[in-house]
>>> print(open('my_file-v7.cif').read())   # mmCIF, C-alpha atoms and all ligand atoms
data_target
#
loop_
_atom_site.label_atom_id
_atom_site.label_comp_id
_atom_site.auth_asym_id
_atom_site.auth_seq_id
_atom_site.Cartn_x
_atom_site.Cartn_y
_atom_site.Cartn_z
CA ASP A 1 9.51 23.06 21.12
CA ALA A 2 7.76 24.00 17.90
CA GLU A 3 10.94 25.05 16.14
CA SER A 4 12.75 21.76 16.63
CA ASN A 5 9.63 19.85 15.58
CA THR A 6 9.56 21.52 12.21
CA SER A 7 13.31 21.28 11.58
CA LYS A 8 13.36 17.56 12.27
CA THR A 9 12.59 15.03 9.52
CA TYR A 10 10.56 12.23 11.05
CA VAL A 11 11.14 8.73 9.69
CA ILE A 12 7.84 6.92 9.18
CA GLY A 13 7.65 3.18 8.55
CA THR A 14 4.95 1.62 6.41
CA ASP A 15 3.88 -1.56 4.64
CA ILE A 16 5.15 -2.53 1.18
CA THR A 17 1.86 -3.31 -0.49
CA PHE A 18 -1.45 -2.73 1.24
CA ALA A 19 -3.76 -0.99 -1.23
CA PRO A 20 -5.71 1.23 -0.89
CA PHE A 21 -3.66 2.40 2.16
CA GLU A 22 -0.13 2.20 0.74
CA PHE A 23 1.03 0.94 -2.64
CA GLN A 24 3.28 2.06 -5.49
CA ASP A 25 1.74 3.82 -8.48
CA VAL A 26 3.01 3.36 -12.07
CA ASN A 27 5.88 5.78 -11.33
CA GLY A 28 6.97 3.82 -8.29
CA ASP A 29 5.74 6.52 -5.91
CA PHE A 30 4.01 5.44 -2.72
CA VAL A 31 0.37 6.49 -2.79
CA GLY A 32 -2.78 5.51 -0.92
CA ILE A 33 -5.00 6.67 1.90
CA ASP A 34 -2.24 6.45 4.56
CA MET A 35 0.29 8.21 2.33
CA ASP A 36 -2.10 11.00 1.36
CA LEU A 37 -3.42 11.49 4.91
CA LEU A 38 0.11 11.75 6.28
CA ASP A 39 1.05 14.19 3.55
CA ALA A 40 -1.99 16.39 4.22
CA ILE A 41 -1.43 16.25 7.99
CA ALA A 42 2.28 17.11 7.67
CA LYS A 43 1.43 20.10 5.48
CA ASP A 44 -1.27 21.22 7.90
CA GLN A 45 1.07 20.88 10.90
CA ASN A 46 4.23 21.96 9.10
CA PHE A 47 6.49 18.99 9.81
CA LYS A 48 8.83 17.06 7.51
CA TYR A 49 8.94 13.29 7.15
CA GLU A 50 10.46 10.52 5.11
CA ILE A 51 8.70 7.23 4.27
CA LYS A 52 10.38 3.85 4.76
CA ALA A 53 8.38 1.03 3.17
CA LEU A 54 9.68 -1.84 5.26
CA GLY A 55 6.77 -4.26 5.26
CA PHE A 56 4.22 -4.40 8.06
CA ASN A 57 5.91 -6.63 10.61
CA ALA A 58 9.33 -5.07 9.97
CA ALA A 59 7.87 -1.57 10.36
CA VAL A 60 6.26 -2.47 13.69
CA GLN A 61 9.54 -4.00 14.89
CA ALA A 62 11.50 -0.96 13.70
CA LEU A 63 9.16 1.23 15.74
CA GLU A 64 9.59 -0.95 18.80
CA SER A 65 13.38 -0.62 18.55
CA ASN A 66 13.12 3.13 17.80
CA GLN A 67 14.64 2.86 14.33
CA VAL A 68 11.66 4.78 12.98
CA ASP A 69 9.72 7.62 14.63
CA GLY A 70 6.26 6.44 13.69
CA VAL A 71 4.27 3.88 11.71
CA ILE A 72 1.31 4.40 9.43
CA ALA A 73 0.41 1.10 7.79
CA GLY A 74 -3.26 0.30 8.23
CA MET A 75 -2.15 -0.60 11.76
CA SER A 76 -5.00 -1.66 13.98
CA ILE A 77 -5.26 -0.16 17.45
CA THR A 78 -5.26 -3.16 19.80
CA ASP A 79 -4.95 -3.46 23.59
CA GLU A 80 -1.89 -5.67 23.17
CA ARG A 81 -0.13 -3.10 20.99
CA LYS A 82 -1.02 -0.31 23.39
CA GLN A 83 1.47 -1.87 25.84
CA LYS A 84 4.30 -0.91 23.48
CA PHE A 85 2.93 1.93 21.37
CA ASP A 86 0.92 5.13 21.68
CA PHE A 87 -1.75 5.47 19.02
CA SER A 88 -3.35 8.50 17.44
CA ASP A 89 -7.10 8.89 17.23
CA SER A 90 -8.44 6.24 14.87
CA TYR A 91 -8.76 7.31 11.25
CA PHE A 92 -10.36 4.28 9.50
CA ASP A 93 -12.56 1.36 10.61
CA SER A 94 -11.47 -2.16 9.76
CA GLY A 95 -12.00 -5.81 10.58
CA VAL A 96 -10.69 -9.17 9.40
CA VAL A 97 -12.36 -11.16 6.63
CA MET A 98 -11.67 -14.49 4.93
CA GLY A 99 -10.69 -14.50 1.28
CA VAL A 100 -10.73 -17.47 -1.11
CA SER A 101 -9.82 -17.87 -4.77
CA ALA A 102 -12.42 -16.29 -7.07
CA ASN A 103 -13.05 -19.67 -8.70
CA ASN A 104 -13.36 -21.64 -5.46
CA ASP A 105 -16.93 -22.80 -4.93
CA THR A 106 -16.29 -25.25 -2.09
CA VAL A 107 -14.86 -23.11 0.74
CA LYS A 108 -17.74 -21.00 2.04
CA SER A 109 -17.26 -21.01 5.80
CA TYR A 110 -14.66 -21.67 8.50
CA GLU A 111 -15.96 -25.29 8.69
CA ASP A 112 -14.71 -25.87 5.14
CA LEU A 113 -11.10 -25.18 6.22
CA ARG A 114 -10.65 -28.53 8.02
CA GLY A 115 -7.44 -30.28 6.98
CA LYS A 116 -6.50 -27.40 4.68
CA LYS A 117 -3.83 -24.67 4.64
CA VAL A 118 -4.65 -21.02 5.30
CA ALA A 119 -2.32 -18.17 4.28
CA VAL A 120 -1.73 -15.35 6.76
CA LYS A 121 0.52 -12.30 7.06
CA THR A 122 3.04 -12.27 9.89
CA GLY A 123 2.38 -9.85 12.73
CA THR A 124 -1.15 -8.89 11.69
CA GLU A 125 -4.59 -9.02 13.24
CA GLY A 126 -5.56 -11.48 10.49
CA TYR A 127 -2.80 -13.81 11.68
CA THR A 128 -3.91 -13.52 15.30
CA PHE A 129 -7.51 -14.21 14.33
CA ALA A 130 -6.63 -17.23 12.16
CA GLU A 131 -4.46 -18.60 14.97
CA SER A 132 -7.33 -18.18 17.45
CA ILE A 133 -9.67 -20.43 15.42
CA ALA A 134 -7.11 -22.80 13.79
CA SER A 135 -7.48 -25.70 16.21
CA LYS A 136 -11.27 -25.37 16.42
CA TYR A 137 -11.63 -25.62 12.62
CA GLY A 138 -8.61 -27.88 12.11
CA PHE A 139 -6.54 -25.91 9.60
CA THR A 140 -2.82 -25.15 9.31
CA ILE A 141 -1.37 -21.63 9.09
CA VAL A 142 1.13 -20.67 6.37
CA PRO A 143 2.76 -17.28 7.14
CA PHE A 144 3.92 -14.69 4.60
CA ASP A 145 5.63 -11.30 4.91
CA ASP A 146 3.33 -9.30 2.66
CA SER A 147 -0.22 -9.34 1.35
CA SER A 148 0.63 -10.07 -2.29
CA GLN A 149 2.58 -13.23 -1.38
CA MET A 150 -0.33 -14.28 0.81
CA TYR A 151 -2.82 -13.78 -2.05
CA ASP A 152 -0.58 -15.68 -4.48
CA ASP A 153 -0.53 -18.68 -2.17
CA VAL A 154 -4.34 -18.76 -2.31
CA LYS A 155 -4.49 -18.22 -6.07
CA THR A 156 -2.03 -21.05 -6.78
CA GLY A 157 -4.13 -23.30 -4.53
CA ASN A 158 -1.48 -24.14 -1.93
CA SER A 159 -3.69 -22.44 0.67
CA VAL A 160 -7.47 -22.47 0.30
CA ALA A 161 -8.05 -19.18 2.12
CA CYS A 162 -6.40 -16.16 3.69
CA PHE A 163 -7.37 -13.70 6.41
CA GLU A 164 -7.00 -10.05 5.50
CA ASP A 165 -8.38 -6.65 6.55
CA TYR A 166 -11.82 -6.11 5.06
CA PRO A 167 -11.18 -2.69 3.40
CA VAL A 168 -8.00 -4.05 1.79
CA LEU A 169 -9.46 -7.30 0.49
CA ALA A 170 -12.64 -5.57 -0.70
CA TYR A 171 -10.51 -3.08 -2.66
CA GLY A 172 -8.43 -5.90 -4.16
CA VAL A 173 -11.50 -7.90 -5.17
CA LYS A 174 -12.88 -4.80 -6.89
CA GLN A 175 -9.58 -4.57 -8.82
CA ASN A 176 -9.98 -8.23 -9.88
CA ASN A 177 -7.10 -9.57 -7.80
CA GLY A 178 -8.34 -13.14 -8.25
CA LEU A 179 -9.92 -13.46 -4.81
CA LYS A 180 -13.40 -13.12 -3.33
CA THR A 181 -14.89 -12.90 0.14
CA VAL A 182 -17.37 -15.48 1.37
CA THR A 183 -17.84 -14.64 5.06
CA GLU A 184 -18.93 -11.56 6.97
CA PRO A 185 -16.03 -9.50 8.41
CA GLU A 186 -15.10 -10.14 12.05
CA ILE A 187 -15.22 -7.20 14.44
CA GLY A 188 -11.76 -5.64 14.31
CA GLY A 189 -9.72 -2.69 15.45
CA SER A 190 -9.66 0.68 13.73
CA TYR A 191 -6.48 2.03 12.19
CA GLY A 192 -4.24 4.48 14.01
CA PHE A 193 -0.87 6.16 13.55
CA ALA A 194 1.61 4.79 16.11
CA VAL A 195 4.70 6.03 17.93
CA SER A 196 6.80 4.16 20.50
CA LYS A 197 5.27 4.38 23.98
CA GLY A 198 6.20 7.71 25.57
CA LYS A 199 8.31 8.77 22.55
CA ASN A 200 7.65 11.37 19.83
CA GLN A 201 4.65 12.73 21.70
CA GLU A 202 4.83 16.02 19.78
CA LEU A 203 4.54 14.05 16.52
CA LEU A 204 1.52 12.19 17.88
CA GLN A 205 -0.07 15.47 18.93
CA MET A 206 0.56 17.00 15.51
CA PHE A 207 -0.95 13.93 13.84
CA ASN A 208 -4.11 14.23 15.95
CA ASP A 209 -4.38 17.99 15.46
CA GLY A 210 -3.81 17.67 11.72
CA LEU A 211 -6.33 14.81 11.47
CA THR A 212 -8.94 16.97 13.21
CA ASN A 213 -8.19 19.83 10.82
CA ILE A 214 -8.32 17.78 7.61
CA LYS A 215 -11.57 16.18 8.75
CA ALA A 216 -13.01 19.65 9.33
CA ASN A 217 -11.85 21.13 6.01
CA GLY A 218 -12.99 18.24 3.79
CA GLU A 219 -9.50 17.02 2.86
CA TYR A 220 -9.94 13.72 4.74
CA LYS A 221 -13.17 13.02 2.85
CA ARG A 222 -11.58 13.93 -0.48
CA ILE A 223 -8.63 11.57 0.13
CA THR A 224 -10.66 8.57 1.25
CA GLU A 225 -13.17 9.03 -1.58
CA THR A 226 -10.34 9.10 -4.11
CA TYR A 227 -9.55 5.51 -3.20
CA VAL A 228 -12.75 4.00 -1.85
CA GLY A 229 -15.46 6.40 -3.01
CA GLU A 230 -18.32 5.56 -5.34
CA ASN A 231 -16.27 6.51 -8.38
CA ALA A 232 -12.95 5.02 -7.24
N1 LIG B 1 -4.60 -4.01 10.29
C1 LIG B 1 -3.79 -5.16 10.40
C2 LIG B 1 -2.95 -5.11 11.63
O1 LIG B 1 -2.73 -4.07 12.17
C3 LIG B 1 -2.92 -5.41 9.16
C4 LIG B 1 -2.00 -4.27 8.81
C5 LIG B 1 -1.16 -4.55 7.59
O2 LIG B 1 -1.09 -5.69 7.12
N2 LIG B 1 -0.53 -3.52 7.06
O3 LIG B 1 -2.49 -6.10 12.09
#
>>> encode(input="my_file-v7.cif", output="structure tokens")
Amino acid sequence: DAESNTSKTYVIGTDITFAPFEFQDVNGDFVGIDMDLLDAIAKDQNFKYEIKALGFNAAVQALESNQVDGVIAGMSITDERKQKFDFSDSYFDSGVVMGVSANNDTVKSYEDLRGKKVAVKTGTEGYTFAESIASKYGFTIVPFDDSSQMYDDVKTGNSVACFEDYPVLAYGVKQNNGLKTVTEPEIGGSYGFAVSKGKNQELLQMFNDGLTNIKANGEYKRITETYVGENA
């Protein structure tokens, strides 16, 4: 019932570093589109929550084993994940893109990956995509737990490329993270808030209702523009 929903503090898992969706500001506070959307939705729907920045794969596993109530982590809504999780309405469009070092002028397409190493992030759509084309293009996958480790492997030259969500890599490139994109993004899933299948349905409902409300009152637009708007 409504009373127990608002007295409960939901535990929400997220990624460690996935700007502009979740990242730590100079004070060490978690900020970003996911963090601000959740905050606005919780205020709109009057529920309490606590953030656990576990890393993407760990957060998804924690949700599967019901150690957290929900996950918001730039998590793509996929048919495979729908077997285990219930997703909210989508709140941001994404897709996977290849990134290379900013000073790399030789790797321009998937064909240029032959015989090389490619950095990926465990448990992500980017990983699944890289795996799906690895034998065709003859490259080896090197897995990492978070995006910054994956980028570092490309910048040091151990891997020649990585596969990352387009809005995340585009944001990083704009912040001069040492990478650039050279291919068009692949069609990918949109992001959704997830709960374990059949669990926390009232939380899912509140997320959807709150999302509808903050889209209607301009708060959603204000939040996304703060991070990815023209003046961001
Ligand atoms: N959107 C991607 C996925 O769901 C990556 C998410 C992430 O790395 N936080 O697999």
>>> closest_residue(input="my_file-v7.cif", among="A:Thr212, A:Asn57, A:Thr9, A:Ser90", to="Gly189 of chain A", atoms="all atoms listed in the file")
A:Ser90
>>> residues_near_ligand(input="my_file-v7.cif", ligand="ligand LIG 1 (chain B)", cutoff="7 Å", atoms="only C-alpha atoms and all ligand atoms", output="list of chain:residue names")
A:Asp15, A:Phe18, A:Phe56, A:Ala73, A:Gly74, A:Met75, A:Ser76, A:Lys121, A:Gly123, A:Thr124, A:Glu125, A:Gly126, A:Ser147, A:Asp165, A:Tyr191
>>> atom_distance(input="my_file-v7.cif", atom1="atom CA of Phe92 of chain A", atom2="atom CA of Ser190 of chain A")
5.6 Å
>>> residues_near_point(input="my_file-v7.cif", point="(5.3, 15.0, 3.7)", cutoff="12 Å", atoms="only C-alpha atoms", output="number ranges by chain")
A: 6, 9-12, 30-31, 34-51, 207
>>> atom_distance(input="my_file-v7.cif", atom1="atom CA of Thr17 of chain A", atom2="atom CA of Gly55 of chain A")
7.6 Å
>>> closest_residue(input="my_file-v7.cif", among="A:Ala134, A:Ile141, A:Val195, A:Val107", to="Val160 of chain A", atoms="all atoms listed in the file")
A:Val107
>>> closest_residue(input="my_file-v7.cif", among="A:Leu169, A:Val100, A:Ala216, A:Val120", to="Asp145 of chain A", atoms="all atoms listed in the file")
A:Val120
>>> closest_residue(input="my_file-v7.cif", among="A:Lys116, A:Gly32, A:Thr140, A:Met98", to="Pro20 of chain A", atoms="only C-alpha atoms")
A:Gly32
>>> atom_distance(input="my_file-v7.cif", atom1="atom CA of Ser196 of chain A", atom2="atom CA of Gln67 of chain A")
10.1 Å
>>> residues_near_point(input="my_file-v7.cif", point="(11.8, 0.1, 16.8)", cutoff="12 Å", atoms="only C-alpha atoms", output="PyMOL selection string")
chain A and resi 11-13+54+57-71+84-85+194-197+199
>>> closest_residue(input="my_file-v7.cif", among="A:Lys52, A:Lys8, A:Arg81, A:Arg222", to="Glu202 of chain A", atoms="all atoms listed in the file")
A:Lys8
>>> residues_around(input="my_file-v7.cif", residues="Tyr137 of chain A", least_positions_apart="4", cutoff="9 Å", atoms="only C-alpha atoms", output="JSON, numbers by chain")
{"A": [110, 111, 112, 113, 114, 115, 133]}
>>> write_last_selection(input="my_file-v7.cif", atoms="C-alpha atoms", output="compact mmCIF listing (two decimals), keeping the file's coordinate frame")
# COMPACT_ATOMS: atom_id res chain seq x y z
CA TYR A 110 -14.66 -21.67 8.50
CA GLU A 111 -15.96 -25.29 8.69
CA ASP A 112 -14.71 -25.87 5.14
CA LEU A 113 -11.10 -25.18 6.22
CA ARG A 114 -10.65 -28.53 8.02
CA GLY A 115 -7.44 -30.28 6.98
CA ILE A 133 -9.67 -20.43 15.42
>>> closest_residue(input="my_file-v7.cif", among="A:Pro143, A:Thr181, A:Ser148, A:Val168", to="Asp105 of chain A", atoms="only C-alpha atoms")
A:Thr181
>>> build_atoms(input="my_file-v7.cif", residues="segment 10-22 of chain A", atoms="N, CA and C atoms", output="PDB file, keeping the file's coordinate frame")
ATOM      1  N   TYR A  10      10.986  13.472  10.400  1.00  0.00           N
ATOM      2  CA  TYR A  10      10.560  12.230  11.050  1.00  0.00           C
ATOM      3  C   TYR A  10      10.631  11.076  10.057  1.00  0.00           C
ATOM      4  N   VAL A  11      11.081   9.933  10.526  1.00  0.00           N
ATOM      5  CA  VAL A  11      11.140   8.730   9.690  1.00  0.00           C
ATOM      6  C   VAL A  11       9.911   7.874  10.017  1.00  0.00           C
ATOM      7  N   ILE A  12       9.105   7.630   8.988  1.00  0.00           N
ATOM      8  CA  ILE A  12       7.840   6.920   9.180  1.00  0.00           C
ATOM      9  C   ILE A  12       7.860   5.586   8.437  1.00  0.00           C
ATOM     10  N   GLY A  13       7.674   4.514   9.154  1.00  0.00           N
ATOM     11  CA  GLY A  13       7.650   3.180   8.550  1.00  0.00           C
ATOM     12  C   GLY A  13       6.263   2.834   8.033  1.00  0.00           C
ATOM     13  N   THR A  14       6.248   2.054   6.927  1.00  0.00           N
ATOM     14  CA  THR A  14       4.950   1.620   6.410  1.00  0.00           C
ATOM     15  C   THR A  14       5.076   0.237   5.775  1.00  0.00           C
ATOM     16  N   ASP A  15       3.947  -0.250   5.288  1.00  0.00           N
ATOM     17  CA  ASP A  15       3.880  -1.560   4.640  1.00  0.00           C
ATOM     18  C   ASP A  15       4.408  -1.428   3.209  1.00  0.00           C
ATOM     19  N   ILE A  16       4.669  -2.554   2.557  1.00  0.00           N
ATOM     20  CA  ILE A  16       5.150  -2.530   1.180  1.00  0.00           C
ATOM     21  C   ILE A  16       3.979  -2.441   0.213  1.00  0.00           C
ATOM     22  N   THR A  17       2.998  -3.300   0.418  1.00  0.00           N
ATOM     23  CA  THR A  17       1.860  -3.310  -0.490  1.00  0.00           C
ATOM     24  C   THR A  17       0.594  -3.628   0.280  1.00  0.00           C
ATOM     25  N   PHE A  18      -0.249  -2.609   0.433  1.00  0.00           N
ATOM     26  CA  PHE A  18      -1.450  -2.730   1.240  1.00  0.00           C
ATOM     27  C   PHE A  18      -2.493  -1.737   0.715  1.00  0.00           C
ATOM     28  N   ALA A  19      -2.789  -1.887  -0.585  1.00  0.00           N
ATOM     29  CA  ALA A  19      -3.760  -0.990  -1.230  1.00  0.00           C
ATOM     30  C   ALA A  19      -5.144  -1.189  -0.605  1.00  0.00           C
ATOM     31  N   PRO A  20      -5.918  -0.135  -0.414  1.00  0.00           N
ATOM     32  CA  PRO A  20      -5.710   1.230  -0.890  1.00  0.00           C
ATOM     33  C   PRO A  20      -4.999   2.132   0.126  1.00  0.00           C
ATOM     34  N   PHE A  21      -4.284   1.572   1.117  1.00  0.00           N
ATOM     35  CA  PHE A  21      -3.660   2.400   2.160  1.00  0.00           C
ATOM     36  C   PHE A  21      -2.246   2.804   1.812  1.00  0.00           C
ATOM     37  N   GLU A  22      -1.449   1.846   1.267  1.00  0.00           N
ATOM     38  CA  GLU A  22      -0.130   2.200   0.740  1.00  0.00           C
ATOM     39  C   GLU A  22       0.208   1.219  -0.376  1.00  0.00           C
TER      40      GLU A  22
END
